[in-house]
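Novice: Dumping the structure here so I can ask a few things about it.
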Amino acid sequence: MAVHADRKVLAGARVVLPTGVVEGGRVTVEGARITDVSAVPADAPADAPAPDLTGHWLVPGFVDLHNHGGGGASFTSGTLDEVLRGIRTHRAHGTTTLVASTVTGDMDFLAHRAGELSELAEQGDIAGIHFEGPFISPCRKGAHSEALLRDPDPAEVRKLVDAARGHARMVTLATELPGGVDSVRLLAEHGVIAAIGHTDATYEQTVEAIDAGATVATHLFNAMPALGHRAPGPIAALLEDERVTVELINDGTHLHPAALELAFRHAGPGRVAFITDAMDAAGFGDGVYHLGPLEVEVREGVARLVEGGSIAGSTLTLDTAFRRAATVDGLPVEAIVQALSANPAKLLGLDDRIGSIAPGKDADLVVLDEEFVLKGVMRRGEWVIEPQVG
């Protein structure tokens, strides 16, 4: 039988499909797409070279909704070549689809930056732009410059959306601020995700924002009031509403394992999205960095503001989040795949192309060994890291 040059067969792995895990499955890739998924023995004849992935997992490429940089590069302030380096850093850790997040800055600067990043979206390097700030609460600013914060005036929110030339994917807002709920409505009307975060909202104010169209909780638990028994605050409202997807940073620093378990148990695996909230140091190492105008020190992989000591994003990559979820948190692999791939793909409206392993979808695939250590990454049918197995 003739061998097709652009055909690849991945055989023998535990393949995680939307319907469950197939032992010893076979995935056929032609060009950039998956053309066939079947359960056949790894030693069955193939009409293309087939690496034996026996003893490995094959899962969909990861989708990161919230990522500020990596590889020493900032998505807010780096040159486009530097941004591409950061994207490649995360791609080598299994993130085949990435939304580039900005941090709080001057409005004119952010609008200009949105135009620059939209070029990368048009090239297919990123899936869009996420604006985290400046429309957030000074009470819950985290690693954002208080001097640059502002209320979410719908006209200014619209300015950023327009500057992104159709590639604005998400805006994080403190919806209790003046103009917050109206801005949520504006975003919903324009097909942009309104995310509640860096907020000091009450339970009732959060419910009002969700009813207006907010559908995401930006890094749930972080940069918002704690869950209280008399004043439940935003956490209870975000967890209980079926319309809301909750972001979680599973790096062992941002969340106690019990908080992660609470979110999974209450929201269910269909409403959780693991994110990195990564900054420049992800995949790069300890040192001194900048997040917007603020200085950040990364020590032993934990990023904190030099002034004040607040956590300043993470150095997480999504393969590490996967491994921790499986080995520390004890989550089922199918639930982890939902949180890392299927749910964020659906939220972005891209689940017809990515987020699961199925014929017709992009060949975005990750190979993990039995201990959930990354061994291979394929994006659109091309190996980013070719697995050295078999």
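Chain identifiers are assigned as A, B, and so on, following the order in which chains appear in the structure tokens; residues are numbered from 1 within each chain, and ligands are numbered from 1 in order of appearance.
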Which residues are close to Gly70 (chain A), i.e. within 9 Å by only C-alpha atoms, leaving aside same-chain residues fewer than 3 positions away? Reply as a ChimeraX atom specification.
Specialist: /A:67,73-75,83,85-90,278-284,315,317
Novice: Would you mind listing what lies within 10 Å of Ala163 (chain A) as a ChimeraX atom specification, with only C-alpha atoms counted and same-chain residues fewer than 2 positions away left out?
Specialist: /A:108,110-118,158-161,165-168
Novice: For the residues selected in the previous step, produce a file with N, CA, C and O atoms as a short mmCIF file (atom, residue, chain, number, x, y, z; two decimals), in the first residue's frame.
Specialist:
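Full text of selection-v8.cif as output:
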```cif
data_model
loop_
_atom_site.label_atom_id
_atom_site.label_comp_id
_atom_site.auth_asym_id
_atom_site.auth_seq_id
_atom_site.Cartn_x
_atom_site.Cartn_y
_atom_site.Cartn_z
N ASP A 108 -4.72 54.57 25.57
CA ASP A 108 -4.18 54.70 24.21
C ASP A 108 -3.15 53.62 23.93
O ASP A 108 -3.10 53.06 22.83
N LEU A 110 -3.08 50.60 25.34
CA LEU A 110 -3.76 49.32 25.19
C LEU A 110 -4.45 49.21 23.83
O LEU A 110 -4.46 48.13 23.22
N ALA A 111 -5.03 50.31 23.37
CA ALA A 111 -5.67 50.29 22.05
C ALA A 111 -4.64 50.03 20.96
O ALA A 111 -4.87 49.23 20.03
N HIS A 112 -3.48 50.68 21.06
CA HIS A 112 -2.41 50.44 20.09
C HIS A 112 -1.93 49.00 20.17
O HIS A 112 -1.70 48.34 19.13
N ARG A 113 -1.78 48.51 21.39
CA ARG A 113 -1.31 47.13 21.56
C ARG A 113 -2.31 46.13 20.98
O ARG A 113 -1.92 45.11 20.40
N ALA A 114 -3.59 46.42 21.15
CA ALA A 114 -4.61 45.53 20.59
C ALA A 114 -4.46 45.44 19.07
O ALA A 114 -4.60 44.35 18.49
N GLY A 115 -4.17 46.56 18.44
CA GLY A 115 -3.95 46.53 16.99
C GLY A 115 -2.77 45.69 16.61
O GLY A 115 -2.81 44.95 15.61
N GLU A 116 -1.69 45.77 17.39
CA GLU A 116 -0.51 44.95 17.10
C GLU A 116 -0.80 43.47 17.29
O GLU A 116 -0.46 42.64 16.44
N LEU A 117 -1.43 43.12 18.41
CA LEU A 117 -1.71 41.71 18.69
C LEU A 117 -2.71 41.13 17.70
O LEU A 117 -2.68 39.92 17.41
N SER A 118 -3.59 41.98 17.17
CA SER A 118 -4.56 41.48 16.20
C SER A 118 -3.86 40.94 14.95
O SER A 118 -4.38 40.06 14.26
N ARG A 158 -15.65 49.87 24.57
CA ARG A 158 -15.86 49.74 23.11
C ARG A 158 -14.60 50.14 22.35
O ARG A 158 -14.27 49.55 21.31
N LYS A 159 -13.88 51.15 22.84
CA LYS A 159 -12.65 51.58 22.17
C LYS A 159 -11.65 50.42 22.08
O LYS A 159 -11.03 50.20 21.02
N LEU A 160 -11.49 49.65 23.15
CA LEU A 160 -10.56 48.53 23.12
C LEU A 160 -11.06 47.42 22.20
O LEU A 160 -10.28 46.82 21.44
N VAL A 161 -12.36 47.14 22.28
CA VAL A 161 -12.92 46.10 21.42
C VAL A 161 -12.71 46.46 19.96
O VAL A 161 -12.29 45.62 19.14
N ARG A 165 -9.97 44.84 16.26
CA ARG A 165 -10.35 44.48 14.89
C ARG A 165 -11.02 43.10 14.78
O ARG A 165 -10.69 42.28 13.93
N GLY A 166 -11.95 42.86 15.71
CA GLY A 166 -12.68 41.60 15.68
C GLY A 166 -12.01 40.47 16.43
O GLY A 166 -12.53 39.34 16.44
N HIS A 167 -10.89 40.74 17.09
CA HIS A 167 -10.15 39.68 17.78
C HIS A 167 -10.19 39.82 19.30
O HIS A 167 -9.47 39.09 20.00
N ALA A 168 -11.01 40.74 19.82
CA ALA A 168 -11.21 40.80 21.27
C ALA A 168 -12.02 39.58 21.68
O ALA A 168 -13.13 39.36 21.18
#
```
Novice: Apply DSSP to the structure's backbone, then extract all residues of region 116-356 of chain A labelled helix (DSSP H, G or I) and return them as a PyMOL selection string.
Specialist: chain A and resi 116-122+138-140+146-148+154-163+180-189+203-212+233-240+257-267+269-271+318-327+333-347
Novice: With C-alpha atoms retained, write the just-selected residues as a PDB file, in the first residue's frame.
Specialist:
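The resulting part.pdb:
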```
ATOM      1  CA  GLU A 116      -0.507  44.953  17.105  1.00  0.00           C
ATOM      2  CA  LEU A 117      -1.709  41.713  18.686  1.00  0.00           C
ATOM      3  CA  SER A 118      -4.555  41.478  16.199  1.00  0.00           C
ATOM      4  CA  GLU A 119      -1.894  40.926  13.515  1.00  0.00           C
ATOM      5  CA  LEU A 120      -0.886  37.729  15.300  1.00  0.00           C
ATOM      6  CA  ALA A 121      -4.529  36.686  15.532  1.00  0.00           C
ATOM      7  CA  GLU A 122      -4.918  37.229  11.794  1.00  0.00           C
ATOM      8  CA  PRO A 138      -8.544  49.238  43.256  1.00  0.00           C
ATOM      9  CA  CYS A 139      -9.550  47.163  46.288  1.00  0.00           C
ATOM     10  CA  ARG A 140      -8.643  43.952  44.436  1.00  0.00           C
ATOM     11  CA  GLU A 146      -3.616  51.453  40.743  1.00  0.00           C
ATOM     12  CA  ALA A 147      -2.733  54.765  39.073  1.00  0.00           C
ATOM     13  CA  LEU A 148      -3.936  53.406  35.719  1.00  0.00           C
ATOM     14  CA  PRO A 154     -18.867  51.451  27.996  1.00  0.00           C
ATOM     15  CA  ALA A 155     -17.417  53.926  25.493  1.00  0.00           C
ATOM     16  CA  GLU A 156     -13.882  53.117  26.628  1.00  0.00           C
ATOM     17  CA  VAL A 157     -14.589  49.391  26.675  1.00  0.00           C
ATOM     18  CA  ARG A 158     -15.861  49.745  23.111  1.00  0.00           C
ATOM     19  CA  LYS A 159     -12.645  51.578  22.171  1.00  0.00           C
ATOM     20  CA  LEU A 160     -10.559  48.525  23.117  1.00  0.00           C
ATOM     21  CA  VAL A 161     -12.923  46.100  21.420  1.00  0.00           C
ATOM     22  CA  ASP A 162     -12.818  48.128  18.192  1.00  0.00           C
ATOM     23  CA  ALA A 163      -9.019  48.430  18.351  1.00  0.00           C
ATOM     24  CA  GLY A 180     -19.862  47.835  34.875  1.00  0.00           C
ATOM     25  CA  VAL A 181     -23.217  46.231  34.108  1.00  0.00           C
ATOM     26  CA  ASP A 182     -23.739  48.395  31.028  1.00  0.00           C
ATOM     27  CA  SER A 183     -20.276  47.352  29.825  1.00  0.00           C
ATOM     28  CA  VAL A 184     -21.216  43.701  30.287  1.00  0.00           C
ATOM     29  CA  ARG A 185     -24.254  44.234  28.084  1.00  0.00           C
ATOM     30  CA  LEU A 186     -22.113  45.969  25.467  1.00  0.00           C
ATOM     31  CA  LEU A 187     -19.619  43.104  25.406  1.00  0.00           C
ATOM     32  CA  ALA A 188     -22.362  40.503  25.147  1.00  0.00           C
ATOM     33  CA  GLU A 189     -23.913  42.389  22.221  1.00  0.00           C
ATOM     34  CA  TYR A 203     -23.294  38.392  45.872  1.00  0.00           C
ATOM     35  CA  GLU A 204     -26.242  40.453  44.626  1.00  0.00           C
ATOM     36  CA  GLN A 205     -24.086  42.645  42.375  1.00  0.00           C
ATOM     37  CA  THR A 206     -22.483  39.553  40.870  1.00  0.00           C
ATOM     38  CA  VAL A 207     -25.866  37.997  40.127  1.00  0.00           C
ATOM     39  CA  GLU A 208     -26.905  41.223  38.385  1.00  0.00           C
ATOM     40  CA  ALA A 209     -23.785  41.108  36.187  1.00  0.00           C
ATOM     41  CA  ILE A 210     -24.347  37.452  35.277  1.00  0.00           C
ATOM     42  CA  ASP A 211     -27.944  38.215  34.348  1.00  0.00           C
ATOM     43  CA  ALA A 212     -26.614  41.033  32.126  1.00  0.00           C
ATOM     44  CA  GLY A 233     -19.779  37.535  47.804  1.00  0.00           C
ATOM     45  CA  PRO A 234     -18.986  36.777  44.167  1.00  0.00           C
ATOM     46  CA  ILE A 235     -17.615  33.256  44.673  1.00  0.00           C
ATOM     47  CA  ALA A 236     -20.974  31.749  45.599  1.00  0.00           C
ATOM     48  CA  ALA A 237     -22.777  33.520  42.754  1.00  0.00           C
ATOM     49  CA  LEU A 238     -20.178  32.442  40.185  1.00  0.00           C
ATOM     50  CA  LEU A 239     -20.075  28.835  41.347  1.00  0.00           C
ATOM     51  CA  GLU A 240     -23.812  28.332  41.474  1.00  0.00           C
ATOM     52  CA  PRO A 257      -6.354  21.757  46.841  1.00  0.00           C
ATOM     53  CA  ALA A 258      -9.574  21.954  48.869  1.00  0.00           C
ATOM     54  CA  ALA A 259     -10.590  25.126  47.028  1.00  0.00           C
ATOM     55  CA  LEU A 260      -9.983  23.427  43.698  1.00  0.00           C
ATOM     56  CA  GLU A 261     -12.020  20.432  44.818  1.00  0.00           C
ATOM     57  CA  LEU A 262     -14.837  22.728  45.960  1.00  0.00           C
ATOM     58  CA  ALA A 263     -14.949  24.402  42.547  1.00  0.00           C
ATOM     59  CA  PHE A 264     -14.960  21.096  40.660  1.00  0.00           C
ATOM     60  CA  ARG A 265     -17.538  19.534  42.943  1.00  0.00           C
ATOM     61  CA  HIS A 266     -19.903  22.513  42.834  1.00  0.00           C
ATOM     62  CA  ALA A 267     -19.479  23.746  39.249  1.00  0.00           C
ATOM     63  CA  PRO A 269     -16.155  19.449  35.174  1.00  0.00           C
ATOM     64  CA  GLY A 270     -18.190  21.034  32.381  1.00  0.00           C
ATOM     65  CA  ARG A 271     -17.810  24.532  33.835  1.00  0.00           C
ATOM     66  CA  LEU A 318      -0.601  23.783  31.206  1.00  0.00           C
ATOM     67  CA  ASP A 319       1.235  20.462  31.083  1.00  0.00           C
ATOM     68  CA  THR A 320       2.187  21.077  34.719  1.00  0.00           C
ATOM     69  CA  ALA A 321      -1.428  21.943  35.531  1.00  0.00           C
ATOM     70  CA  PHE A 322      -2.491  18.641  33.917  1.00  0.00           C
ATOM     71  CA  ARG A 323       0.061  16.613  35.846  1.00  0.00           C
ATOM     72  CA  ARG A 324      -0.845  18.243  39.161  1.00  0.00           C
ATOM     73  CA  ALA A 325      -4.572  17.709  38.551  1.00  0.00           C
ATOM     74  CA  ALA A 326      -3.971  14.014  37.906  1.00  0.00           C
ATOM     75  CA  THR A 327      -1.319  13.192  40.494  1.00  0.00           C
ATOM     76  CA  VAL A 333      -8.292  12.306  33.164  1.00  0.00           C
ATOM     77  CA  GLU A 334     -11.522  12.924  31.250  1.00  0.00           C
ATOM     78  CA  ALA A 335     -12.401  15.818  33.589  1.00  0.00           C
ATOM     79  CA  ILE A 336      -8.915  17.314  33.234  1.00  0.00           C
ATOM     80  CA  VAL A 337      -9.195  17.190  29.443  1.00  0.00           C
ATOM     81  CA  GLN A 338     -12.528  18.999  29.668  1.00  0.00           C
ATOM     82  CA  ALA A 339     -10.960  21.738  31.797  1.00  0.00           C
ATOM     83  CA  LEU A 340      -7.846  22.115  29.635  1.00  0.00           C
ATOM     84  CA  SER A 341      -9.298  21.690  26.159  1.00  0.00           C
ATOM     85  CA  ALA A 342     -13.013  21.133  25.590  1.00  0.00           C
ATOM     86  CA  ASN A 343     -14.464  23.793  27.888  1.00  0.00           C
ATOM     87  CA  PRO A 344     -12.233  26.704  26.845  1.00  0.00           C
ATOM     88  CA  ALA A 345     -12.639  25.750  23.167  1.00  0.00           C
ATOM     89  CA  LYS A 346     -16.420  25.856  23.560  1.00  0.00           C
ATOM     90  CA  LEU A 347     -16.267  29.168  25.415  1.00  0.00           C
TER      91      LEU A 347
END
```
Novice: What does the structure give for the distance between CA of Ile249 (chain A) and CA of Asp81 (chain A), in Å to one decimal?
Specialist: 26.8 Å
Novice: Rank nothing, just name the residue among A:Lys141, A:Arg380, A:His256, A:Lys361 nearest to Asp36 (chain A), using only C-alpha atoms.
Specialist: A:Lys361
Novice: Among region 120-173 of chain A, which ones does DSSP assign to strand (DSSP E) (computed from the backbone)? Answer as an NGL selection string.
Specialist: :A and (129-132 or 168-173)
Novice: From the list A:Glu132, A:Ala39, A:Gly61, A:Arg7, which residue is nearest Ser356 (chain A) when using only C-alpha atoms?
Specialist: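 Selected residue with least distance to Ser356 (chain A): A:Gly61.
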Novice: I want to know what sits within 10 Å of Ala223 (chain A), based on only C-alpha atoms, with residues of the same chain fewer than 6 positions away left out; could you give that as a list in words?
Specialist: Ile136, Ser137, Cys139, Arg140, Lys141, Gly142, Ala143, Gly197, His198, Thr199, Asp200 and Ile311 of chain A
Novice: What does the structure give for the distance between CA of Ala217 (chain A) and CA of Pro332 (chain A), in Å to one decimal?
Specialist: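 Computed distance, CA of Ala217 (chain A) to CA of Pro332 (chain A), equals 22.8 Å.
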Novice: Using only C-alpha atoms, find the one residue out of A:Ile193, A:Val302, A:Leu10, A:Leu173 that sits nearest to Phe135 (chain A).
Specialist: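 The closest residue to Phe135 (chain A) is A:Leu173.
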Novice: Neighbours of Val27 (chain A) within 9 Å (only C-alpha atoms; same-chain residues fewer than 6 positions away dropped), as a PyMOL selection string?
Specialist: chain A and resi 8-11+15+34-39+357-359
Novice: Grab the residues selected above and save them as a PDB file, in the first residue's frame with C-alpha atoms.
Specialist:
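Result went into selection37.pdb, see below:
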```pdb
ATOM      1  CA  LYS A   8       0.582  10.316  10.148  1.00  0.00           C
ATOM      2  CA  VAL A   9      -0.769   7.508  12.299  1.00  0.00           C
ATOM      3  CA  LEU A  10      -0.540   7.631  16.091  1.00  0.00           C
ATOM      4  CA  ALA A  11      -1.205   4.173  17.474  1.00  0.00           C
ATOM      5  CA  VAL A  15      -6.888   8.103  23.535  1.00  0.00           C
ATOM      6  CA  ILE A  34      -7.678  14.401  12.042  1.00  0.00           C
ATOM      7  CA  THR A  35      -9.270  12.069   9.502  1.00  0.00           C
ATOM      8  CA  ASP A  36      -9.967   8.954  11.539  1.00  0.00           C
ATOM      9  CA  VAL A  37     -10.158   7.760  15.141  1.00  0.00           C
ATOM     10  CA  SER A  38     -10.493   4.061  15.817  1.00  0.00           C
ATOM     11  CA  ALA A  39      -9.857   1.363  18.384  1.00  0.00           C
ATOM     12  CA  ILE A 357     -10.053  14.426  19.260  1.00  0.00           C
ATOM     13  CA  ALA A 358     -12.490  13.759  16.439  1.00  0.00           C
ATOM     14  CA  PRO A 359     -12.443  13.381  12.645  1.00  0.00           C
TER      15      PRO A 359
END
```
Novice: Just give me the gap between CA of Gly133 (chain A) and CA of Thr104 (chain A) in Å, one decimal is fine.
Specialist: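 According to the coordinates, CA of Gly133 (chain A) and CA of Thr104 (chain A) are separated by 4.4 Å.
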